[in-house]
2 protein chains.
Amino acid sequence: MNTSTSVSAPATLSLSPREARLLFRTGQYSGYTSSFSEGYVQGSLCILPQEYALDFATYCHRNPKAAPLIAIGNAGDPFLPMLGEDLDIRTDVPRYMVFRDGELVEEPTDIKHVWRDDLVAFVWGCGFSFEHALMEAGVSLRDVARGDNVVMYETNIDTLPVGAFAGKLIVTMRPLVPADAIRAIQVTSRFTSVHGAPIHIGKPELIGISDLEKPLFNGNPPRVRACEIPVFWACGVTARLAIHRARLPFCITHNPGSMVIADQPNSSLAIF
Amino acid sequence: MNTSTSVSAPATLSLSPREARLLFRTGQYSGYTSSFSEGYVQGSLCILPQEYALDFATYCHRNPKAAPLIAIGNAGDPFLPMLGEDLDIRTDVPRYMVFRDGELVEEPTDIKHVWRDDLVAFVWGCGFSFEHALMEAGVSLRDVARGDNVVMYETNIDTLPVGAFAGKLIVTMRPLVPADAIRAIQVTSRFTSVHGAPIHIGKPELIGISDLEKPLFNGNPPRVRACEIPVFWACGVTARLAIHRARLPFCITHNPGSMVIADQPNSSLAIF
C-alpha cells in the first residue's frame, strides 16, 4: 500500500467518482467516503452467495424505504456497469467486512482473495444523496454543519421478513424547525431511490424511541431544541443489520462509512 | 362453471377487489378485468420456477419503467398478502396462460393442477392505475372514452438484458393536446410504481416507430390529430414478451386483459 500520498479532505471532494475509486483500488485510501466526490451517489454494499440472493432482493423489494436497491449484479460478475463503467466491486470500496457464519473474520481493503463465482452484489441508496438537495432547498442540517454523522435509532417497527432476513426498522433523525420539516418532506419525496419521504415526524415514542438523546452506535446526542421537530427517515443500516442477523455462512459488506461511489450525480436519483 | 350469473359491467365496477376475486375464484367470470373494481390496482402476473426468479427480479429492477414490480411472492407460496389478505394467485385471476418450453399449452381459469413448490409469483403495475388520476386531473383520454384498449408499439430501444430475459421496450401511446401532455407528465411522474413519467414525447421515428397508425397486436389505429402530440409510456407487456422470448421450460402468465386485482387503491401507488 502506498501511504506516501497525502489526501486532504477539500481536494478529495472534487475528485470524480472514477478518480476516487482508483485511489481506493490502488490502496491509497481506506477510510470514510463522505469527503469524496461531492454531489455523486454513494451506496451501501452487500455481497451474498446466490442461494440467498433472491430472498435478499425480495426483502429489499418489500422494505423499499429502508433498502432502496440501486444495483443488483450478475452472479459471479464483480463489475457493476450500471454504477460506473469500470467499477470493480472487489477493489473499488475503501474497506470491506468479511463475515463467515455471522462472525466478522476480516476487514480487508480488497476482496479479490475471497471472490467466488456464486456471489451477487447489491447496492442500495443512502441518505447522503438527499442531504445535498435539502441544503440547496435552504434546509439547515445541523449534523452535516457540525461534521457529525447523522444520528440513528432502532424503532419498534418490524420490517417485512423474507427467509433469513428480518429485524426492526432503523431510522435516521434530523431535527428541523417546522417550516424546514415541511420543505424536507417535499424535497425528499422526490428521492424515492434514497429512502424517499420521512417515515415519521414528531412523537418519537410512537415508533418505540424512548430517548432521543441516546442514539444507536454511541452517536453524539442530537440535543433537539424546543423550536424543532424530529424528522425520521428509513435508514439503509436496516438491511445491513438484517444481513448480520441472518448469520449467513458467508457474506461481505462495506465497512461503515466506507461506501460505493457511483458515477451518477445525486440529482439523477430524483424522480423529477 | 356457473354461467347462470349475469355480470353487467356497471355492477362489476363497484365490486370490492375481494368480491371480484371471489367471482373469478369460483369460476363465475373468466374475461377482461378492466370493468371491475374501479379505482383499485390491477397488475400483470408471471409465475416462474425459482431457478429463474433472481434473474427475472433483476431484469425488472434494471428496467423499472417497463416492469415496476409491486409484489414478489415466496417460493412455493401461492398467497400474496401484500396485495390482498386472502389473495390466492392460483385461483384469483380470471384466466391464465400456461407455457411449456415456450409453447402455450393451456389457458385455464385456475392453475391449482400445475402449481409447484418451486414457483415464484411476480406482479408488476400497469398503466390502468394512472389513467384514473389523469382523468381526475382533467386530461382527456380518447381510448378510454371510446372503450378501446390503449395502443402499443415496439420501439428500437433494447431493455437491459439479464440471463434469458431481454428484448425491445414496448410502449403505450396516448395522443394528447400539448397542455394535457404537460399535465400528464406531471401527474404520472408521481406514479413510479406504475411506469411513472413518459419515456418519450412527440417524434415517434426517434424511438423506431415508423407508422403510428399501425400499432402492435392489431390495435385500432389511434388517428392522432394535428393538434395532438403522441405521448409514450413504458408498458408492462415488455416483461411479458421478455418471458415469452426466454422460452423457459415452464411458466405461467395472466391472460391478456385478465389481470390481478389488488386491495390497494390506485392512489396508494402515487408517491404523494
# chains A, B, ... in the order shown; residues from 1 in each chain; ligands from 1
$ residues_around --residues "Ser37 in chain B" --least-positions-apart "6" --cutoff "6 Å" --atoms "only C-alpha atoms" --output "ChimeraX atom specification"
/B:13-17
$ closest_atom_pairs --of "chain A" --to "chain B" --cutoff "8 Å" --atoms "only C-alpha atoms" --output "CSV"
residue,atom,partner,partner_atom,distance
A:Ala53,CA,B:Leu54,CA,7.0
A:Leu54,CA,B:Leu54,CA,5.0
A:Ala57,CA,B:Ala57,CA,7.5
A:Thr58,CA,B:Ile72,CA,6.3
A:His61,CA,B:Ile72,CA,7.8
A:Arg62,CA,B:Ala71,CA,7.7
A:Ala71,CA,B:Arg62,CA,7.7
A:Ile72,CA,B:Thr58,CA,6.3
A:Asn74,CA,B:Val162,CA,7.8
A:Val162,CA,B:Asn74,CA,7.7
A:Ser189,CA,B:Ile271,CA,7.0
A:Ile271,CA,B:Ser189,CA,7.0
A:Phe272,CA,B:Ser189,CA,7.3
$ residues_around --residues "His195 in chain A" --least-positions-apart "5" --cutoff "8 Å" --atoms "only C-alpha atoms" --output "list of chain:residue names"
A:Pro64, A:Lys65, A:Ala66, A:Ala67, A:Pro68, A:Gly125, A:Cys126, A:Gly127, A:Thr188, A:Trp233, A:Ala234, A:Cys235
$ closest_residue --among "A:Tyr40, A:Phe24, A:Phe165, A:Phe130" --to "Leu241 in chain A" --atoms "only C-alpha atoms"
A:Phe165
$ residues_around --residues "Phe217 in chain A" --least-positions-apart "6" --cutoff "9 Å" --atoms "only C-alpha atoms" --output "PyMOL selection string"
chain A and resi 151-153
$ write_last_selection --atoms "N, CA, C and O atoms" --output "JSON list (two decimals), in the first residue's frame"
[["chain", "number", "residue", "atom", "x", "y", "z"],
["A", 151, "VAL", "N", -27.66, 10.99, 13.36],
["A", 151, "VAL", "CA", -27.97, 10.03, 14.42],
["A", 151, "VAL", "C", -28.96, 8.97, 13.93],
["A", 151, "VAL", "O", -29.80, 9.22, 13.06],
["A", 152, "MET", "N", -28.86, 7.78, 14.52],
["A", 152, "MET", "CA", -29.71, 6.65, 14.15],
["A", 152, "MET", "C", -30.39, 6.06, 15.39],
["A", 152, "MET", "O", -29.83, 6.15, 16.49],
["A", 153, "TYR", "N", -31.55, 5.46, 15.17],
["A", 153, "TYR", "CA", -32.30, 4.82, 16.25],
["A", 153, "TYR", "C", -32.89, 3.51, 15.75],
["A", 153, "TYR", "O", -33.24, 3.38, 14.57]]
$ select_by_dssp --residues "range 8-44 of chain B" --states "helix (DSSP H, G or I)" --output "PDB file with all heavy atoms, in the first residue's frame"
ATOM      1  N   ALA B   9     -71.350  -4.838 -16.743  1.00  0.00           N
ATOM      2  CA  ALA B   9     -70.164  -4.016 -16.487  1.00  0.00           C
ATOM      3  C   ALA B   9     -70.385  -2.980 -15.390  1.00  0.00           C
ATOM      4  O   ALA B   9     -69.568  -2.872 -14.486  1.00  0.00           O
ATOM      5  CB  ALA B   9     -69.703  -3.365 -17.776  1.00  0.00           C
ATOM      6  N   PRO B  10     -71.467  -2.217 -15.419  1.00  0.00           N
ATOM      7  CA  PRO B  10     -71.608  -1.190 -14.388  1.00  0.00           C
ATOM      8  C   PRO B  10     -71.636  -1.766 -12.973  1.00  0.00           C
ATOM      9  O   PRO B  10     -71.038  -1.190 -12.068  1.00  0.00           O
ATOM     10  CB  PRO B  10     -72.955  -0.542 -14.735  1.00  0.00           C
ATOM     11  CG  PRO B  10     -73.159  -0.848 -16.185  1.00  0.00           C
ATOM     12  CD  PRO B  10     -72.528  -2.184 -16.397  1.00  0.00           C
ATOM     13  N   ALA B  11     -72.266  -2.920 -12.788  1.00  0.00           N
ATOM     14  CA  ALA B  11     -72.315  -3.531 -11.457  1.00  0.00           C
ATOM     15  C   ALA B  11     -70.931  -3.973 -11.002  1.00  0.00           C
ATOM     16  O   ALA B  11     -70.558  -3.814  -9.836  1.00  0.00           O
ATOM     17  CB  ALA B  11     -73.266  -4.718 -11.456  1.00  0.00           C
ATOM     18  N   THR B  12     -70.139  -4.527 -11.923  1.00  0.00           N
ATOM     19  CA  THR B  12     -68.828  -5.047 -11.525  1.00  0.00           C
ATOM     20  C   THR B  12     -67.841  -3.934 -11.177  1.00  0.00           C
ATOM     21  O   THR B  12     -66.913  -4.155 -10.409  1.00  0.00           O
ATOM     22  CB  THR B  12     -68.227  -5.925 -12.642  1.00  0.00           C
ATOM     23  OG1 THR B  12     -68.136  -5.146 -13.843  1.00  0.00           O
ATOM     24  CG2 THR B  12     -69.087  -7.143 -12.886  1.00  0.00           C
ATOM     25  N   LEU B  13     -68.049  -2.745 -11.733  1.00  0.00           N
ATOM     26  CA  LEU B  13     -67.156  -1.622 -11.403  1.00  0.00           C
ATOM     27  C   LEU B  13     -67.158  -1.313  -9.916  1.00  0.00           C
ATOM     28  O   LEU B  13     -66.158  -0.867  -9.368  1.00  0.00           O
ATOM     29  CB  LEU B  13     -67.583  -0.356 -12.169  1.00  0.00           C
ATOM     30  CG  LEU B  13     -67.098  -0.242 -13.611  1.00  0.00           C
ATOM     31  CD1 LEU B  13     -67.656   1.012 -14.250  1.00  0.00           C
ATOM     32  CD2 LEU B  13     -65.568  -0.235 -13.680  1.00  0.00           C
ATOM     33  N   PRO B  17     -62.295  -5.294  -4.563  1.00  0.00           N
ATOM     34  CA  PRO B  17     -61.327  -6.232  -5.142  1.00  0.00           C
ATOM     35  C   PRO B  17     -61.552  -7.663  -4.655  1.00  0.00           C
ATOM     36  O   PRO B  17     -61.494  -8.608  -5.436  1.00  0.00           O
ATOM     37  CB  PRO B  17     -59.981  -5.672  -4.670  1.00  0.00           C
ATOM     38  CG  PRO B  17     -60.229  -4.198  -4.537  1.00  0.00           C
ATOM     39  CD  PRO B  17     -61.638  -4.101  -4.003  1.00  0.00           C
ATOM     40  N   ARG B  18     -61.857  -7.825  -3.367  1.00  0.00           N
ATOM     41  CA  ARG B  18     -62.048  -9.172  -2.835  1.00  0.00           C
ATOM     42  C   ARG B  18     -63.285  -9.833  -3.451  1.00  0.00           C
ATOM     43  O   ARG B  18     -63.267 -11.022  -3.794  1.00  0.00           O
ATOM     44  CB  ARG B  18     -62.176  -9.107  -1.310  1.00  0.00           C
ATOM     45  CG  ARG B  18     -62.260 -10.471  -0.669  1.00  0.00           C
ATOM     46  CD  ARG B  18     -61.870 -10.456   0.809  1.00  0.00           C
ATOM     47  NE  ARG B  18     -61.762 -11.822   1.286  1.00  0.00           N
ATOM     48  CZ  ARG B  18     -62.805 -12.532   1.715  1.00  0.00           C
ATOM     49  NH1 ARG B  18     -64.011 -11.995   1.754  1.00  0.00           N
ATOM     50  NH2 ARG B  18     -62.649 -13.780   2.108  1.00  0.00           N
ATOM     51  N   GLU B  19     -64.365  -9.055  -3.585  1.00  0.00           N
ATOM     52  CA  GLU B  19     -65.574  -9.599  -4.226  1.00  0.00           C
ATOM     53  C   GLU B  19     -65.281 -10.014  -5.667  1.00  0.00           C
ATOM     54  O   GLU B  19     -65.747 -11.068  -6.136  1.00  0.00           O
ATOM     55  CB  GLU B  19     -66.698  -8.548  -4.202  1.00  0.00           C
ATOM     56  CG  GLU B  19     -67.278  -8.319  -2.817  1.00  0.00           C
ATOM     57  CD  GLU B  19     -68.179  -7.072  -2.736  1.00  0.00           C
ATOM     58  OE1 GLU B  19     -68.030  -6.147  -3.580  1.00  0.00           O
ATOM     59  OE2 GLU B  19     -69.001  -7.031  -1.809  1.00  0.00           O
ATOM     60  N   ALA B  20     -64.525  -9.193  -6.366  1.00  0.00           N
ATOM     61  CA  ALA B  20     -64.175  -9.523  -7.762  1.00  0.00           C
ATOM     62  C   ALA B  20     -63.360 -10.821  -7.795  1.00  0.00           C
ATOM     63  O   ALA B  20     -63.653 -11.734  -8.584  1.00  0.00           O
ATOM     64  CB  ALA B  20     -63.391  -8.379  -8.392  1.00  0.00           C
ATOM     65  N   ARG B  21     -62.366 -10.918  -6.897  1.00  0.00           N
ATOM     66  CA  ARG B  21     -61.501 -12.113  -6.905  1.00  0.00           C
ATOM     67  C   ARG B  21     -62.300 -13.373  -6.578  1.00  0.00           C
ATOM     68  O   ARG B  21     -62.038 -14.446  -7.139  1.00  0.00           O
ATOM     69  CB  ARG B  21     -60.347 -11.936  -5.911  1.00  0.00           C
ATOM     70  CG  ARG B  21     -59.350 -10.849  -6.306  1.00  0.00           C
ATOM     71  CD  ARG B  21     -58.051 -10.958  -5.510  1.00  0.00           C
ATOM     72  NE  ARG B  21     -58.240 -10.876  -4.084  1.00  0.00           N
ATOM     73  CZ  ARG B  21     -58.108  -9.763  -3.345  1.00  0.00           C
ATOM     74  NH1 ARG B  21     -57.791  -8.615  -3.917  1.00  0.00           N
ATOM     75  NH2 ARG B  21     -58.300  -9.798  -2.042  1.00  0.00           N
ATOM     76  N   LEU B  22     -63.300 -13.251  -5.686  1.00  0.00           N
ATOM     77  CA  LEU B  22     -64.118 -14.417  -5.343  1.00  0.00           C
ATOM     78  C   LEU B  22     -64.947 -14.871  -6.545  1.00  0.00           C
ATOM     79  O   LEU B  22     -65.154 -16.063  -6.751  1.00  0.00           O
ATOM     80  CB  LEU B  22     -65.013 -14.110  -4.136  1.00  0.00           C
ATOM     81  CG  LEU B  22     -64.268 -14.025  -2.804  1.00  0.00           C
ATOM     82  CD1 LEU B  22     -65.234 -13.623  -1.677  1.00  0.00           C
ATOM     83  CD2 LEU B  22     -63.598 -15.365  -2.459  1.00  0.00           C
ATOM     84  N   LEU B  23     -65.391 -13.906  -7.340  1.00  0.00           N
ATOM     85  CA  LEU B  23     -66.126 -14.228  -8.569  1.00  0.00           C
ATOM     86  C   LEU B  23     -65.233 -15.015  -9.530  1.00  0.00           C
ATOM     87  O   LEU B  23     -65.653 -16.005 -10.139  1.00  0.00           O
ATOM     88  CB  LEU B  23     -66.571 -12.905  -9.218  1.00  0.00           C
ATOM     89  CG  LEU B  23     -67.886 -12.817  -9.960  1.00  0.00           C
ATOM     90  CD1 LEU B  23     -69.060 -13.180  -9.072  1.00  0.00           C
ATOM     91  CD2 LEU B  23     -68.059 -11.392 -10.495  1.00  0.00           C
ATOM     92  N   PHE B  24     -63.983 -14.571  -9.644  1.00  0.00           N
ATOM     93  CA  PHE B  24     -63.038 -15.270 -10.528  1.00  0.00           C
ATOM     94  C   PHE B  24     -62.700 -16.645  -9.937  1.00  0.00           C
ATOM     95  O   PHE B  24     -62.626 -17.639 -10.653  1.00  0.00           O
ATOM     96  CB  PHE B  24     -61.740 -14.462 -10.706  1.00  0.00           C
ATOM     97  CG  PHE B  24     -61.929 -13.005 -11.056  1.00  0.00           C
ATOM     98  CD1 PHE B  24     -60.968 -12.059 -10.707  1.00  0.00           C
ATOM     99  CD2 PHE B  24     -63.066 -12.558 -11.731  1.00  0.00           C
ATOM    100  CE1 PHE B  24     -61.107 -10.718 -11.025  1.00  0.00           C
ATOM    101  CE2 PHE B  24     -63.230 -11.209 -12.052  1.00  0.00           C
ATOM    102  CZ  PHE B  24     -62.254 -10.290 -11.696  1.00  0.00           C
ATOM    103  N   ARG B  25     -62.494 -16.677  -8.621  1.00  0.00           N
ATOM    104  CA  ARG B  25     -62.082 -17.905  -7.942  1.00  0.00           C
ATOM    105  C   ARG B  25     -63.124 -19.004  -8.096  1.00  0.00           C
ATOM    106  O   ARG B  25     -62.784 -20.189  -8.217  1.00  0.00           O
ATOM    107  CB  ARG B  25     -61.860 -17.612  -6.447  1.00  0.00           C
ATOM    108  CG  ARG B  25     -61.211 -18.730  -5.681  1.00  0.00           C
ATOM    109  CD  ARG B  25     -61.117 -18.419  -4.200  1.00  0.00           C
ATOM    110  NE  ARG B  25     -60.322 -17.223  -3.901  1.00  0.00           N
ATOM    111  CZ  ARG B  25     -60.128 -16.751  -2.682  1.00  0.00           C
ATOM    112  NH1 ARG B  25     -60.682 -17.372  -1.626  1.00  0.00           N
ATOM    113  NH2 ARG B  25     -59.401 -15.666  -2.483  1.00  0.00           N
TER     114      ARG B  25
END
$ residues_around --residues "Glu154 in chain B" --least-positions-apart "5" --cutoff "7 Å" --atoms "only C-alpha atoms" --output "list in words"
Lys168, Leu169, Ile170 and Val171 of chain B
$ write_last_selection --atoms "N, CA, C and O atoms" --output "PDB file, in the first residue's frame"
ATOM      1  N   LYS B 168     -36.912  -5.790 -26.857  1.00  0.00           N
ATOM      2  CA  LYS B 168     -37.152  -4.359 -27.067  1.00  0.00           C
ATOM      3  C   LYS B 168     -38.176  -3.836 -26.054  1.00  0.00           C
ATOM      4  O   LYS B 168     -39.049  -4.577 -25.591  1.00  0.00           O
ATOM      5  N   LEU B 169     -38.067  -2.542 -25.794  1.00  0.00           N
ATOM      6  CA  LEU B 169     -39.046  -1.868 -24.936  1.00  0.00           C
ATOM      7  C   LEU B 169     -40.366  -1.688 -25.704  1.00  0.00           C
ATOM      8  O   LEU B 169     -40.367  -1.183 -26.828  1.00  0.00           O
ATOM      9  N   ILE B 170     -41.453  -2.124 -25.093  1.00  0.00           N
ATOM     10  CA  ILE B 170     -42.792  -1.903 -25.640  1.00  0.00           C
ATOM     11  C   ILE B 170     -43.369  -0.666 -24.936  1.00  0.00           C
ATOM     12  O   ILE B 170     -43.174  -0.481 -23.737  1.00  0.00           O
ATOM     13  N   VAL B 171     -44.060   0.173 -25.706  1.00  0.00           N
ATOM     14  CA  VAL B 171     -44.652   1.384 -25.127  1.00  0.00           C
ATOM     15  C   VAL B 171     -46.145   1.442 -25.432  1.00  0.00           C
ATOM     16  O   VAL B 171     -46.618   0.868 -26.417  1.00  0.00           O
TER      17      VAL B 171
END
$ residues_around --residues "range 246-260 of chain A" --least-positions-apart "2" --cutoff "8 Å" --atoms "only C-alpha atoms" --output "JSON, numbers by chain"
{"A": [30, 31, 32, 33, 34, 42, 43, 44, 45, 46, 47, 48, 49, 92, 93, 94, 95, 96, 97, 98, 99, 100, 101, 102, 103, 107, 123, 164, 165, 166, 240, 242, 243, 244, 262]}
$ select_by_dssp --residues "range 49-272 of chain B" --states "strand (DSSP E or B)" --output "PyMOL selection string"
chain B and resi 49+69-72+79+88+96-100+103-106+119-125+151-158+162+165+168-176+200-201+229-234+250-254+260-265
$ atom_distance --atom1 "CA of Leu104 in chain B" --atom2 "CA of Ser35 in chain B"
26.2 Å
$ decode --residues "range 55-67 of chain B" --atoms "all heavy atoms" --output "PDB file, in the first residue's frame"
ATOM      1  N   ASP B  55     -32.993 -13.925 -11.722  1.00  0.00           N
ATOM      2  CA  ASP B  55     -32.758 -13.232 -12.994  1.00  0.00           C
ATOM      3  C   ASP B  55     -33.955 -12.357 -13.355  1.00  0.00           C
ATOM      4  O   ASP B  55     -33.783 -11.222 -13.812  1.00  0.00           O
ATOM      5  CB  ASP B  55     -32.513 -14.232 -14.130  1.00  0.00           C
ATOM      6  CG  ASP B  55     -31.057 -14.697 -14.193  1.00  0.00           C
ATOM      7  OD1 ASP B  55     -30.225 -14.156 -13.438  1.00  0.00           O
ATOM      8  OD2 ASP B  55     -30.762 -15.594 -14.998  1.00  0.00           O
ATOM      9  N   PHE B  56     -35.160 -12.853 -13.156  1.00  0.00           N
ATOM     10  CA  PHE B  56     -36.326 -12.043 -13.534  1.00  0.00           C
ATOM     11  C   PHE B  56     -36.472 -10.830 -12.610  1.00  0.00           C
ATOM     12  O   PHE B  56     -36.764  -9.722 -13.066  1.00  0.00           O
ATOM     13  CB  PHE B  56     -37.609 -12.875 -13.544  1.00  0.00           C
ATOM     14  CG  PHE B  56     -38.777 -12.102 -14.110  1.00  0.00           C
ATOM     15  CD1 PHE B  56     -38.813 -11.761 -15.457  1.00  0.00           C
ATOM     16  CD2 PHE B  56     -39.819 -11.675 -13.295  1.00  0.00           C
ATOM     17  CE1 PHE B  56     -39.864 -11.023 -15.988  1.00  0.00           C
ATOM     18  CE2 PHE B  56     -40.879 -10.934 -13.815  1.00  0.00           C
ATOM     19  CZ  PHE B  56     -40.900 -10.613 -15.159  1.00  0.00           C
ATOM     20  N   ALA B  57     -36.234 -11.039 -11.307  1.00  0.00           N
ATOM     21  CA  ALA B  57     -36.288  -9.900 -10.368  1.00  0.00           C
ATOM     22  C   ALA B  57     -35.258  -8.845 -10.774  1.00  0.00           C
ATOM     23  O   ALA B  57     -35.527  -7.642 -10.745  1.00  0.00           O
ATOM     24  CB  ALA B  57     -36.039 -10.375  -8.937  1.00  0.00           C
ATOM     25  N   THR B  58     -34.068  -9.306 -11.170  1.00  0.00           N
ATOM     26  CA  THR B  58     -33.009  -8.380 -11.578  1.00  0.00           C
ATOM     27  C   THR B  58     -33.392  -7.680 -12.887  1.00  0.00           C
ATOM     28  O   THR B  58     -33.164  -6.472 -13.053  1.00  0.00           O
ATOM     29  CB  THR B  58     -31.671  -9.131 -11.716  1.00  0.00           C
ATOM     30  OG1 THR B  58     -31.380  -9.781 -10.473  1.00  0.00           O
ATOM     31  CG2 THR B  58     -30.526  -8.186 -12.055  1.00  0.00           C
ATOM     32  N   TYR B  59     -33.991  -8.436 -13.823  1.00  0.00           N
ATOM     33  CA  TYR B  59     -34.452  -7.829 -15.086  1.00  0.00           C
ATOM     34  C   TYR B  59     -35.456  -6.710 -14.802  1.00  0.00           C
ATOM     35  O   TYR B  59     -35.356  -5.611 -15.357  1.00  0.00           O
ATOM     36  CB  TYR B  59     -35.085  -8.901 -15.980  1.00  0.00           C
ATOM     37  CG  TYR B  59     -35.578  -8.369 -17.312  1.00  0.00           C
ATOM     38  CD1 TYR B  59     -34.695  -8.042 -18.325  1.00  0.00           C
ATOM     39  CD2 TYR B  59     -36.952  -8.190 -17.553  1.00  0.00           C
ATOM     40  CE1 TYR B  59     -35.143  -7.544 -19.547  1.00  0.00           C
ATOM     41  CE2 TYR B  59     -37.402  -7.700 -18.765  1.00  0.00           C
ATOM     42  CZ  TYR B  59     -36.495  -7.376 -19.763  1.00  0.00           C
ATOM     43  OH  TYR B  59     -36.951  -6.873 -20.962  1.00  0.00           O
ATOM     44  N   CYS B  60     -36.388  -6.973 -13.918  1.00  0.00           N
ATOM     45  CA  CYS B  60     -37.377  -5.945 -13.575  1.00  0.00           C
ATOM     46  C   CYS B  60     -36.696  -4.760 -12.894  1.00  0.00           C
ATOM     47  O   CYS B  60     -37.022  -3.600 -13.172  1.00  0.00           O
ATOM     48  CB  CYS B  60     -38.466  -6.519 -12.669  1.00  0.00           C
ATOM     49  SG  CYS B  60     -39.481  -7.765 -13.486  1.00  0.00           S
ATOM     50  N   HIS B  61     -35.734  -5.048 -12.010  1.00  0.00           N
ATOM     51  CA  HIS B  61     -35.037  -3.964 -11.313  1.00  0.00           C
ATOM     52  C   HIS B  61     -34.267  -3.072 -12.277  1.00  0.00           C
ATOM     53  O   HIS B  61     -34.226  -1.857 -12.117  1.00  0.00           O
ATOM     54  CB  HIS B  61     -34.097  -4.523 -10.253  1.00  0.00           C
ATOM     55  CG  HIS B  61     -33.466  -3.458  -9.419  1.00  0.00           C
ATOM     56  ND1 HIS B  61     -32.199  -2.993  -9.660  1.00  0.00           N
ATOM     57  CD2 HIS B  61     -33.953  -2.714  -8.404  1.00  0.00           C
ATOM     58  CE1 HIS B  61     -31.921  -2.013  -8.799  1.00  0.00           C
ATOM     59  NE2 HIS B  61     -32.961  -1.839  -8.023  1.00  0.00           N
ATOM     60  N   ARG B  62     -33.671  -3.680 -13.317  1.00  0.00           N
ATOM     61  CA  ARG B  62     -32.874  -2.887 -14.267  1.00  0.00           C
ATOM     62  C   ARG B  62     -33.742  -2.187 -15.302  1.00  0.00           C
ATOM     63  O   ARG B  62     -33.266  -1.319 -16.035  1.00  0.00           O
ATOM     64  CB  ARG B  62     -31.859  -3.780 -14.985  1.00  0.00           C
ATOM     65  CG  ARG B  62     -30.773  -4.222 -14.041  1.00  0.00           C
ATOM     66  CD  ARG B  62     -29.610  -4.860 -14.770  1.00  0.00           C
ATOM     67  NE  ARG B  62     -28.813  -5.599 -13.781  1.00  0.00           N
ATOM     68  CZ  ARG B  62     -27.982  -6.577 -14.082  1.00  0.00           C
ATOM     69  NH1 ARG B  62     -27.819  -6.942 -15.344  1.00  0.00           N
ATOM     70  NH2 ARG B  62     -27.321  -7.188 -13.127  1.00  0.00           N
ATOM     71  N   ASN B  63     -34.999  -2.588 -15.413  1.00  0.00           N
ATOM     72  CA  ASN B  63     -35.916  -1.980 -16.379  1.00  0.00           C
ATOM     73  C   ASN B  63     -37.187  -1.558 -15.646  1.00  0.00           C
ATOM     74  O   ASN B  63     -38.288  -2.013 -15.960  1.00  0.00           O
ATOM     75  CB  ASN B  63     -36.222  -3.000 -17.499  1.00  0.00           C
ATOM     76  CG  ASN B  63     -34.964  -3.404 -18.255  1.00  0.00           C
ATOM     77  OD1 ASN B  63     -34.464  -2.636 -19.070  1.00  0.00           O
ATOM     78  ND2 ASN B  63     -34.457  -4.588 -17.980  1.00  0.00           N
ATOM     79  N   PRO B  64     -37.027  -0.664 -14.657  1.00  0.00           N
ATOM     80  CA  PRO B  64     -38.137  -0.418 -13.725  1.00  0.00           C
ATOM     81  C   PRO B  64     -39.316   0.321 -14.351  1.00  0.00           C
ATOM     82  O   PRO B  64     -40.436   0.183 -13.864  1.00  0.00           O
ATOM     83  CB  PRO B  64     -37.487   0.429 -12.625  1.00  0.00           C
ATOM     84  CG  PRO B  64     -36.336   1.115 -13.297  1.00  0.00           C
ATOM     85  CD  PRO B  64     -35.826   0.115 -14.308  1.00  0.00           C
ATOM     86  N   LYS B  65     -39.084   1.064 -15.428  1.00  0.00           N
ATOM     87  CA  LYS B  65     -40.219   1.763 -16.018  1.00  0.00           C
ATOM     88  C   LYS B  65     -41.107   0.776 -16.771  1.00  0.00           C
ATOM     89  O   LYS B  65     -42.325   0.928 -16.791  1.00  0.00           O
ATOM     90  CB  LYS B  65     -39.745   2.887 -16.937  1.00  0.00           C
ATOM     91  CG  LYS B  65     -38.964   3.952 -16.146  1.00  0.00           C
ATOM     92  CD  LYS B  65     -38.945   5.300 -16.802  1.00  0.00           C
ATOM     93  CE  LYS B  65     -40.179   6.095 -16.444  1.00  0.00           C
ATOM     94  NZ  LYS B  65     -40.043   7.534 -16.701  1.00  0.00           N
ATOM     95  N   ALA B  66     -40.519  -0.256 -17.356  1.00  0.00           N
ATOM     96  CA  ALA B  66     -41.308  -1.257 -18.078  1.00  0.00           C
ATOM     97  C   ALA B  66     -41.930  -2.277 -17.129  1.00  0.00           C
ATOM     98  O   ALA B  66     -43.053  -2.729 -17.347  1.00  0.00           O
ATOM     99  CB  ALA B  66     -40.433  -1.973 -19.100  1.00  0.00           C
ATOM    100  N   ALA B  67     -41.199  -2.639 -16.074  1.00  0.00           N
ATOM    101  CA  ALA B  67     -41.666  -3.729 -15.209  1.00  0.00           C
ATOM    102  C   ALA B  67     -41.555  -3.320 -13.742  1.00  0.00           C
ATOM    103  O   ALA B  67     -40.719  -3.841 -13.003  1.00  0.00           O
ATOM    104  CB  ALA B  67     -40.858  -4.994 -15.482  1.00  0.00           C
TER     105      ALA B  67
END
